[in-house]
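First the structure, in the form of structure tokens, and then the observations on it.
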Amino acid sequence: MAVSDGQAMHDVASELFPICRSITGDGVRRTLQILQRHVPLTVHEVPTGTRAFDWTVPQEWNIRDAYLLDEAGQKVLDFRENNLHVVSYSVPVDTRLTLSELQGHLHSLPHMPDAIPYVTSYYERRWGFCLTHAQRQALPEGTYRAVIDSELRDGSLTYGELILPGSTSEEVFLSTYVCHPSMANNELSGPVVTTWLAKWLAEQPRRYTYRIIFIPETIGSLTYLSRHLEQMQTKIVAGFNLTCIGDDRAYSYLPSRNGGTLADRVALKVLQDTHPDFIRYSYLDRGSDERQYCSPGVDLPVVSVMRSKYREYAEYHTSKDDLAVVTPPGLQGGYGVMRNCLELLENNRVYVNTRLGEPQLGKYGLYPTLGTRDSSSLVQDTVNVLAYADGTRDLISISDVTAIPVSRVATTVQTLVAAGLLVEA
Amino acid sequence: MAVSDGQAMHDVASELFPICRSITGDGVRRTLQILQRHVPLTVHEVPTGTRAFDWTVPQEWNIRDAYLLDEAGQKVLDFRENNLHVVSYSVPVDTRLTLSELQGHLHSLPHMPDAIPYVTSYYERRWGFCLTHAQRQALPEGTYRAVIDSELRDGSLTYGELILPGSTSEEVFLSTYVCHPSMANNELSGPVVTTWLAKWLAEQPRRYTYRIIFIPETIGSLTYLSRHLEQMQTKIVAGFNLTCIGDDRAYSYLPSRNGGTLADRVALKVLQDTHPDFIRYSYLDRGSDERQYCSPGVDLPVVSVMRSKYREYAEYHTSKDDLAVVTPPGLQGGYGVMRNCLELLENNRVYVNTRLGEPQLGKYGLYPTLGTRDSSSLVQDTVNVLAYADGTRDLISISDVTAIPVSRVATTVQTLVAAGLLVEA
Amino acid sequence: MAVSDGQAMHDVASELFPICRSITGDGVRRTLQILQRHVPLTVHEVPTGTRAFDWTVPQEWNIRDAYLLDEAGQKVLDFRENNLHVVSYSVPVDTRLTLSELQGHLHSLPHMPDAIPYVTSYYERRWGFCLTHAQRQALPEGTYRAVIDSELRDGSLTYGELILPGSTSEEVFLSTYVCHPSMANNELSGPVVTTWLAKWLAEQPRRYTYRIIFIPETIGSLTYLSRHLEQMQTKIVAGFNLTCIGDDRAYSYLPSRNGGTLADRVALKVLQDTHPDFIRYSYLDRGSDERQYCSPGVDLPVVSVMRSKYREYAEYHTSKDDLAVVTPPGLQGGYGVMRNCLELLENNRVYVNTRLGEPQLGKYGLYPTLGTRDSSSLVQDTVNVLAYADGTRDLISISDVTAIPVSRVATTVQTLVAAGLLVEA
């Protein structure tokens, strides 16, 4: 992959950054339209009121403008300056109130006085403004006018879907979300890395069929699951929830509910081989759509491969999670690890020796002809891969038992298949 | 439970303390009579000569008096002062002998010169006296008269039994022993705690039927097993051997023979949650009736939950194991842990979600309606219990995987069952 | 066993040391003839060209003489002084060449300037001389005459076999190799210890049938496997590859491919009990005939019990691996450990209690009749062996769970069988 992929992803993230996304509304649609320039997403609309298991698709929310005026009519807060200033799903309001009355509608972070927090109220009718704690403390006494020009009405929930058929109907699942306003690591890193993976996958020969979705978190994944559950449970062999994959400070892994799925094994193997200092979380630390994908009775093999995990970095869910937190090398690294995971999935088959006993490697040009004190160590990878390609172990298992990085296992297997010494089991 | 339970148990232990118990005889009967004031024990008598697997119920032993007179006719040792002075099951004797001849019938502990040891000779006809090493060394040369007014004759072995029926025929088994003379932790703590558990159980709704026995150790448990083996093997799901459960210096656990039974899981979970510094012994450290209950071919799921384990505290099997070693808080603590074990057994069922995907907790009043940076952690217990209540895990397993104390798992499950979000699997 | 066994084995090794062995030829035959004085080996000849899985028995190689003459006609190197001077399987040559031309045919070890390396070229037609690096550096410029009076012609591969029938047809397999010229630990220790084991086994009652072979490494084991594979896979319960078992610096264990076979369990148990500081290698460290015996599809339960493992001691595959490296105590120790392994295999049965509950050990003279504070610990081994002789555990498993050395488990079991308290399951 080119280093410029990181920059190109960052450019798209920058283009998407100002859009005011929420779990429904035109912000999601505009986001998907921009991504459609890169990959042929199909956009689906699911009407308000549609049931999704225990949930119901809510009314659609759109917002044109919002501001807070002081007594002099000056804009103290302006949605157009930063869309985080409005509590997501705020009902429309145009009212005058004293500072004291206003306080019940304000949200700030005393411990991060320069950050605007991200606050939502999807399922309870409320309105509110978010601001830095410094701004809040500087508000003088007096009467304010609060205006939120928003709209809540029956509409639909919007998501994007891309199916890339493979040579088999077994599926790999990629899910990312498009429902947060101007935040970079915990939002835009996911869609842009997923888009770049889809671009790359489209050009590869594929054993697996890829199901790739761009959805609002929670209500979106529930909606999608409720429409495709049987197909997903039958076909998906491994899935990845793509979020927080664009900064350059860490690599992280969050397992499926009970661990040990193919997705877990692939993610762990790639991270262990390429970034052995990665952070290994527990399913108890979860907080994204694996909550739905791995829930009892759904039980899809879905894990998260991340850079700095949501809730674990200071800027999370504030205006500080911006395009300086997410960097071109950060996106590049996240994209690279995920691509390694998908490559491994495609390669991770079970092989078996075509010979009993060790083959005479010299006949195949795979062994030095002169036996010296050290010659036996020269072909160590070859003989160790042969020793464990016994019709029961996939490449990951061979890598585990031999301690050979799995990418080297894969190239060794290729050589041995070419020599006729291994066949797929 | 009231703190005064500890005192009440200590009072009964004090009443039982002076009685000269052995594996048969009137001491056992008097002990059971006193306990019958608290719980409706059925008393059984098994005749001398009855076979119990490889063993035979021995002759019944009773003793009226015993003393050692010096040349002046003064009582040097007096059974009425401390019944440990006589080797248990001593044959009757009235003889004169020199100090040198007498030495072969004396038992003392050089390393604990102020303690009278506890010595028995159930299966070999002997007589003997036990005394402090200080006493022994002070004995002057001369002729002594040894008198033991005991009786060994065909009679019976006595035990008490209480069956508390539950809503199912599956059984929980409690076994304690009544065969040691005046010793407190390694004897009376067991029967009094078991009695208080039986009193409490009698007042509870019970899923399980409780089989509770007060028996002489070894020959008593073998006798009971030989009479009820098939029933016990068919019905018992968990059992506890109650011994050494009255001092206040430690909590201890001794597993079943191969570990991993429901009794083991319950005991470990309660001790880990409530007394994480408990001492974990091996089955190799065993020494009480689990030797019979867990023997090959019997294989009942029986563990021991103790305070300071037999053989592991200085006063064990001596006159120093008295009512100062066993304390009201010590008994209270032992009783409390065992009650937690029985409560957990009753609650420890397998539940399953009624919804696919995470339920919309807000609909049930179980979720904050305002999404802020921290709200997702507020309902952590709820969502984690839901995540692992998947129809395969009981409460202990959910506690293990979530690291939530099992009592909190139980209350969370109750809330979720009430909300209709969980049902028993 | 007598200490003189070590000396006697060393004497035979000394007799075998000067013979120029290779994977075929008269050196192997002479070696087997000498061993036939001690055990009744059957010698087999397998013709050149015979297929053995992926391999073919090569032409037979014999050598009469070899030397290097300097310009003055002086012997600079003489095969008769040390047969390591000639690359094994060198084609015949009689040629004159300059020092510079000669260098391409010389092998030495710069890091061990006083050692002659051991070099082979079985499957590529070559000739060459091996010498110390000191010798090589002292060679003056000039013209040399290189003479190797060897012969490569169709002949056969030679191996020895001994079958010692037991009371069952289940087999224990011992394999050692006879294909290296004058080296002691990495060659002669194996055949002499195996010979002494065979002598001892011949005099024992045997449950198992013993299949014992003396073969050339690799091509020999492949040839033997290709002729007996089905029989070996059906019958062999445990096997040992005997190599590097004669020095006195370490004990070593190399597992079977996946570990956990009966051979692995026996070797680990004996080494843990008798030499707890033994070195535990991985199958990745392999380098002898377990490469064939444990290969996928062959999968025999074969391990290596060694003293200092090939490749892990400085003298390996050089003239320094001589009869000072291998010592009488070293051979004695290796023989002793392997004998312990075979004794354990013969004894390692599954037993079960004949009584329910603990037996009344006193009836069998196995328990003190006087119950004191310490008496219960006196019979600990007895009761622990009884507790775990439950019809599912063999002696190794009982030793594992009780931490009683397996030899003491075996004697305890004997006592309990004699008392009628255990029977074979």
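Labels for the structure tokens follow display order: chains A, B, ..., residues from 1 in each chain, ligands from 1.
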| task | Output as an MDAnalysis selection string the set of chain A residues within 7 Å of chain B, with distances taken over only C-alpha atoms. | result | chainID A and resid 53:55 118:121 123:124 222 284 291:292 295:298 317
For Ser399 of chain C: contacts at 9 Å, only C-alpha atoms, fewer than 6 positions along chain excluded, given as an mmCIF file with N, CA, C and O atoms, in the first residue's frame:
```
data_model
loop_
_atom_site.group_PDB
_atom_site.id
_atom_site.type_symbol
_atom_site.label_atom_id
_atom_site.label_comp_id
_atom_site.auth_asym_id
_atom_site.auth_seq_id
_atom_site.Cartn_x
_atom_site.Cartn_y
_atom_site.Cartn_z
ATOM 1 N N LYS C 269 7.749 -38.202 33.542
ATOM 2 C CA LYS C 269 7.589 -38.626 34.937
ATOM 3 C C LYS C 269 8.912 -39.142 35.498
ATOM 4 O O LYS C 269 9.333 -38.752 36.588
ATOM 5 N N VAL C 385 -2.846 -43.147 47.551
ATOM 6 C CA VAL C 385 -2.893 -44.044 46.380
ATOM 7 C C VAL C 385 -4.283 -44.674 46.280
ATOM 8 O O VAL C 385 -4.876 -44.726 45.196
ATOM 9 N N PRO C 405 6.434 -39.829 44.256
ATOM 10 C CA PRO C 405 7.238 -40.345 43.135
ATOM 11 C C PRO C 405 6.638 -41.655 42.607
ATOM 12 O O PRO C 405 6.166 -42.486 43.376
ATOM 13 N N VAL C 406 6.676 -41.833 41.312
ATOM 14 C CA VAL C 406 5.939 -42.932 40.707
ATOM 15 C C VAL C 406 6.485 -44.287 41.148
ATOM 16 O O VAL C 406 5.740 -45.271 41.205
ATOM 17 N N SER C 407 7.760 -44.352 41.475
ATOM 18 C CA SER C 407 8.286 -45.647 41.935
ATOM 19 C C SER C 407 7.671 -46.004 43.291
ATOM 20 O O SER C 407 7.414 -47.171 43.567
ATOM 21 N N ARG C 408 7.416 -44.984 44.115
ATOM 22 C CA ARG C 408 6.762 -45.256 45.391
ATOM 23 C C ARG C 408 5.280 -45.550 45.177
ATOM 24 O O ARG C 408 4.704 -46.360 45.912
ATOM 25 N N VAL C 409 4.661 -44.931 44.217
ATOM 26 C CA VAL C 409 3.287 -45.307 43.877
ATOM 27 C C VAL C 409 3.253 -46.794 43.502
ATOM 28 O O VAL C 409 2.390 -47.543 43.947
#
```
| Hey, what's within 8 Å of segment 128-138 of chain A if we count only C-alpha atoms and toss same-chain stuff fewer than 3 positions away? As a list in words, please? | Leu77, Leu84, His85, Val86, Val87, Ser90, His105, Leu106, His107, Ser108, Leu109, Pro110, Met112, Pro113, Asp114, Ala115, Ile116, Pro117, Tyr118 and Val119 of chain A
I'd like the neighbourhood of Pro140 of chain A as a PDB file with all heavy atoms, in the first residue's frame, where a residue qualifies if any of its atoms comes within 12 Å (using only C-alpha atoms), though same-chain residues fewer than 2 positions away should be ignored.
```pdb
ATOM      1  N   LEU A  69     -28.319  33.523  22.288  1.00  0.00           N
ATOM      2  CA  LEU A  69     -28.077  34.973  22.256  1.00  0.00           C
ATOM      3  C   LEU A  69     -28.058  35.533  23.672  1.00  0.00           C
ATOM      4  O   LEU A  69     -28.852  35.107  24.519  1.00  0.00           O
ATOM      5  CB  LEU A  69     -29.187  35.680  21.463  1.00  0.00           C
ATOM      6  CG  LEU A  69     -29.396  35.236  20.010  1.00  0.00           C
ATOM      7  CD1 LEU A  69     -30.537  36.053  19.378  1.00  0.00           C
ATOM      8  CD2 LEU A  69     -28.106  35.408  19.209  1.00  0.00           C
ATOM      9  N   ASP A  70     -27.156  36.466  23.885  1.00  0.00           N
ATOM     10  CA  ASP A  70     -27.159  37.119  25.203  1.00  0.00           C
ATOM     11  C   ASP A  70     -28.115  38.310  25.173  1.00  0.00           C
ATOM     12  O   ASP A  70     -28.798  38.544  24.177  1.00  0.00           O
ATOM     13  CB  ASP A  70     -25.740  37.523  25.614  1.00  0.00           C
ATOM     14  CG  ASP A  70     -25.128  38.564  24.701  1.00  0.00           C
ATOM     15  OD1 ASP A  70     -25.873  39.180  23.903  1.00  0.00           O
ATOM     16  OD2 ASP A  70     -23.902  38.742  24.778  1.00  0.00           O
ATOM     17  N   GLU A  71     -28.170  39.015  26.265  1.00  0.00           N
ATOM     18  CA  GLU A  71     -29.104  40.132  26.367  1.00  0.00           C
ATOM     19  C   GLU A  71     -28.890  41.159  25.273  1.00  0.00           C
ATOM     20  O   GLU A  71     -29.834  41.767  24.763  1.00  0.00           O
ATOM     21  CB  GLU A  71     -28.975  40.816  27.730  1.00  0.00           C
ATOM     22  CG  GLU A  71     -29.795  40.092  28.776  1.00  0.00           C
ATOM     23  CD  GLU A  71     -29.845  40.891  30.078  1.00  0.00           C
ATOM     24  OE1 GLU A  71     -29.347  42.033  30.132  1.00  0.00           O
ATOM     25  OE2 GLU A  71     -30.415  40.331  31.030  1.00  0.00           O
ATOM     26  N   ALA A  72     -27.638  41.295  24.839  1.00  0.00           N
ATOM     27  CA  ALA A  72     -27.334  42.268  23.789  1.00  0.00           C
ATOM     28  C   ALA A  72     -27.609  41.713  22.403  1.00  0.00           C
ATOM     29  O   ALA A  72     -27.342  42.367  21.393  1.00  0.00           O
ATOM     30  CB  ALA A  72     -25.842  42.677  23.903  1.00  0.00           C
ATOM     31  N   VAL A  76     -23.696  33.918  21.669  1.00  0.00           N
ATOM     32  CA  VAL A  76     -22.762  33.364  22.651  1.00  0.00           C
ATOM     33  C   VAL A  76     -22.320  31.975  22.211  1.00  0.00           C
ATOM     34  O   VAL A  76     -21.158  31.578  22.364  1.00  0.00           O
ATOM     35  CB  VAL A  76     -23.432  33.310  24.032  1.00  0.00           C
ATOM     36  CG1 VAL A  76     -22.498  32.738  25.064  1.00  0.00           C
ATOM     37  CG2 VAL A  76     -23.916  34.694  24.431  1.00  0.00           C
ATOM     38  N   THR A  98     -33.493  32.881  32.065  1.00  0.00           N
ATOM     39  CA  THR A  98     -32.395  33.461  32.839  1.00  0.00           C
ATOM     40  C   THR A  98     -31.224  32.490  32.808  1.00  0.00           C
ATOM     41  O   THR A  98     -31.360  31.308  32.454  1.00  0.00           O
ATOM     42  CB  THR A  98     -32.816  33.651  34.302  1.00  0.00           C
ATOM     43  OG1 THR A  98     -33.072  32.359  34.863  1.00  0.00           O
ATOM     44  CG2 THR A  98     -34.083  34.495  34.407  1.00  0.00           C
ATOM     45  N   LEU A  99     -30.076  32.998  33.188  1.00  0.00           N
ATOM     46  CA  LEU A  99     -28.891  32.122  33.234  1.00  0.00           C
ATOM     47  C   LEU A  99     -29.163  30.917  34.113  1.00  0.00           C
ATOM     48  O   LEU A  99     -28.807  29.783  33.774  1.00  0.00           O
ATOM     49  CB  LEU A  99     -27.681  32.907  33.755  1.00  0.00           C
ATOM     50  CG  LEU A  99     -26.396  32.089  33.915  1.00  0.00           C
ATOM     51  CD1 LEU A  99     -25.962  31.473  32.590  1.00  0.00           C
ATOM     52  CD2 LEU A  99     -25.273  32.954  34.486  1.00  0.00           C
ATOM     53  N   SER A 100     -29.815  31.167  35.221  1.00  0.00           N
ATOM     54  CA  SER A 100     -30.087  30.077  36.160  1.00  0.00           C
ATOM     55  C   SER A 100     -30.976  29.014  35.516  1.00  0.00           C
ATOM     56  O   SER A 100     -30.735  27.820  35.625  1.00  0.00           O
ATOM     57  CB  SER A 100     -30.733  30.653  37.423  1.00  0.00           C
ATOM     58  OG  SER A 100     -31.339  29.640  38.161  1.00  0.00           O
ATOM     59  N   LEU A 102     -31.217  28.561  32.327  1.00  0.00           N
ATOM     60  CA  LEU A 102     -30.444  27.994  31.217  1.00  0.00           C
ATOM     61  C   LEU A 102     -29.513  26.871  31.679  1.00  0.00           C
ATOM     62  O   LEU A 102     -29.294  25.887  30.964  1.00  0.00           O
ATOM     63  CB  LEU A 102     -29.630  29.121  30.563  1.00  0.00           C
ATOM     64  CG  LEU A 102     -28.740  28.745  29.371  1.00  0.00           C
ATOM     65  CD1 LEU A 102     -29.583  28.206  28.213  1.00  0.00           C
ATOM     66  CD2 LEU A 102     -27.904  29.937  28.937  1.00  0.00           C
ATOM     67  N   GLN A 103     -28.985  27.014  32.883  1.00  0.00           N
ATOM     68  CA  GLN A 103     -27.963  26.048  33.363  1.00  0.00           C
ATOM     69  C   GLN A 103     -28.432  24.600  33.223  1.00  0.00           C
ATOM     70  O   GLN A 103     -27.654  23.707  32.912  1.00  0.00           O
ATOM     71  CB  GLN A 103     -27.596  26.335  34.833  1.00  0.00           C
ATOM     72  CG  GLN A 103     -26.790  27.609  35.055  1.00  0.00           C
ATOM     73  CD  GLN A 103     -25.368  27.552  34.512  1.00  0.00           C
ATOM     74  OE1 GLN A 103     -24.951  26.562  33.908  1.00  0.00           O
ATOM     75  NE2 GLN A 103     -24.639  28.650  34.690  1.00  0.00           N
ATOM     76  N   GLN A 135     -16.142  28.711  28.713  1.00  0.00           N
ATOM     77  CA  GLN A 135     -17.246  29.537  28.195  1.00  0.00           C
ATOM     78  C   GLN A 135     -18.373  29.625  29.213  1.00  0.00           C
ATOM     79  O   GLN A 135     -18.942  30.675  29.482  1.00  0.00           O
ATOM     80  CB  GLN A 135     -17.834  28.897  26.916  1.00  0.00           C
ATOM     81  CG  GLN A 135     -17.036  29.106  25.642  1.00  0.00           C
ATOM     82  CD  GLN A 135     -17.710  28.386  24.474  1.00  0.00           C
ATOM     83  OE1 GLN A 135     -17.875  27.166  24.545  1.00  0.00           O
ATOM     84  NE2 GLN A 135     -18.084  29.127  23.437  1.00  0.00           N
ATOM     85  N   ARG A 136     -18.714  28.477  29.761  1.00  0.00           N
ATOM     86  CA  ARG A 136     -19.851  28.421  30.679  1.00  0.00           C
ATOM     87  C   ARG A 136     -19.623  29.320  31.887  1.00  0.00           C
ATOM     88  O   ARG A 136     -20.514  30.041  32.335  1.00  0.00           O
ATOM     89  CB  ARG A 136     -20.060  26.981  31.105  1.00  0.00           C
ATOM     90  CG  ARG A 136     -21.289  26.775  31.966  1.00  0.00           C
ATOM     91  CD  ARG A 136     -21.448  25.299  32.303  1.00  0.00           C
ATOM     92  NE  ARG A 136     -22.714  24.999  32.917  1.00  0.00           N
ATOM     93  CZ  ARG A 136     -23.198  23.772  33.050  1.00  0.00           C
ATOM     94  NH1 ARG A 136     -22.504  22.721  32.602  1.00  0.00           N
ATOM     95  NH2 ARG A 136     -24.366  23.559  33.645  1.00  0.00           N
ATOM     96  N   GLN A 137     -18.396  29.256  32.418  1.00  0.00           N
ATOM     97  CA  GLN A 137     -18.119  30.040  33.613  1.00  0.00           C
ATOM     98  C   GLN A 137     -18.069  31.536  33.322  1.00  0.00           C
ATOM     99  O   GLN A 137     -18.250  32.356  34.222  1.00  0.00           O
ATOM    100  CB  GLN A 137     -16.805  29.570  34.250  1.00  0.00           C
ATOM    101  CG  GLN A 137     -16.995  28.201  34.881  1.00  0.00           C
ATOM    102  CD  GLN A 137     -15.804  27.788  35.706  1.00  0.00           C
ATOM    103  OE1 GLN A 137     -14.707  27.651  35.195  1.00  0.00           O
ATOM    104  NE2 GLN A 137     -16.016  27.623  37.004  1.00  0.00           N
ATOM    105  N   ALA A 138     -17.841  31.866  32.049  1.00  0.00           N
ATOM    106  CA  ALA A 138     -17.775  33.291  31.685  1.00  0.00           C
ATOM    107  C   ALA A 138     -19.139  33.891  31.368  1.00  0.00           C
ATOM    108  O   ALA A 138     -19.259  35.083  31.123  1.00  0.00           O
ATOM    109  CB  ALA A 138     -16.839  33.447  30.474  1.00  0.00           C
ATOM    110  N   GLY A 142     -28.174  37.280  33.496  1.00  0.00           N
ATOM    111  CA  GLY A 142     -28.989  37.998  32.526  1.00  0.00           C
ATOM    112  C   GLY A 142     -29.976  37.055  31.867  1.00  0.00           C
ATOM    113  O   GLY A 142     -30.117  35.892  32.273  1.00  0.00           O
ATOM    114  N   THR A 143     -30.645  37.561  30.844  1.00  0.00           N
ATOM    115  CA  THR A 143     -31.627  36.775  30.122  1.00  0.00           C
ATOM    116  C   THR A 143     -31.037  36.357  28.786  1.00  0.00           C
ATOM    117  O   THR A 143     -30.366  37.158  28.116  1.00  0.00           O
ATOM    118  CB  THR A 143     -32.893  37.620  29.874  1.00  0.00           C
ATOM    119  OG1 THR A 143     -33.368  38.093  31.135  1.00  0.00           O
ATOM    120  CG2 THR A 143     -33.975  36.766  29.218  1.00  0.00           C
ATOM    121  N   TYR A 144     -31.281  35.120  28.417  1.00  0.00           N
ATOM    122  CA  TYR A 144     -30.739  34.572  27.171  1.00  0.00           C
ATOM    123  C   TYR A 144     -31.884  34.133  26.275  1.00  0.00           C
ATOM    124  O   TYR A 144     -32.974  33.795  26.748  1.00  0.00           O
ATOM    125  CB  TYR A 144     -29.816  33.386  27.476  1.00  0.00           C
ATOM    126  CG  TYR A 144     -28.521  33.810  28.145  1.00  0.00           C
ATOM    127  CD1 TYR A 144     -28.463  34.033  29.522  1.00  0.00           C
ATOM    128  CD2 TYR A 144     -27.366  34.007  27.377  1.00  0.00           C
ATOM    129  CE1 TYR A 144     -27.295  34.424  30.132  1.00  0.00           C
ATOM    130  CE2 TYR A 144     -26.180  34.390  27.991  1.00  0.00           C
ATOM    131  CZ  TYR A 144     -26.142  34.596  29.367  1.00  0.00           C
ATOM    132  OH  TYR A 144     -24.986  34.980  29.955  1.00  0.00           O
TER     133      TYR A 144
END
```
| task | Within segment 91-275 of chain B, find each residue whose DSSP state, derived from the backbone, is strand (DSSP E), and express the selection as an NGL selection string. | result | :B and (93-98 or 106-107 or 129-130 or 143-153 or 156-164 or 171-177 or 209-215 or 236-242 or 252-254)
| request: With a distance cut-off of 8 Å and only C-alpha atoms, select the neighbouring residues of segment 20-26 of chain B, excluding the residue or stretch itself and same-chain residues fewer than 2 positions from it, and output the selection as a ChimeraX atom specification. | output: /B:18,28-31,59-62,83,88-89,156-158,178-182,216-217,219-220
| message | With distances taken over only C-alpha atoms, which residue among C:Leu366, C:Ile398, C:Leu188, C:Ala198 lies nearest Leu416 of chain C? | response |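 Using only C-alpha atoms, Leu416 of chain C sits closest to C:Leu366.
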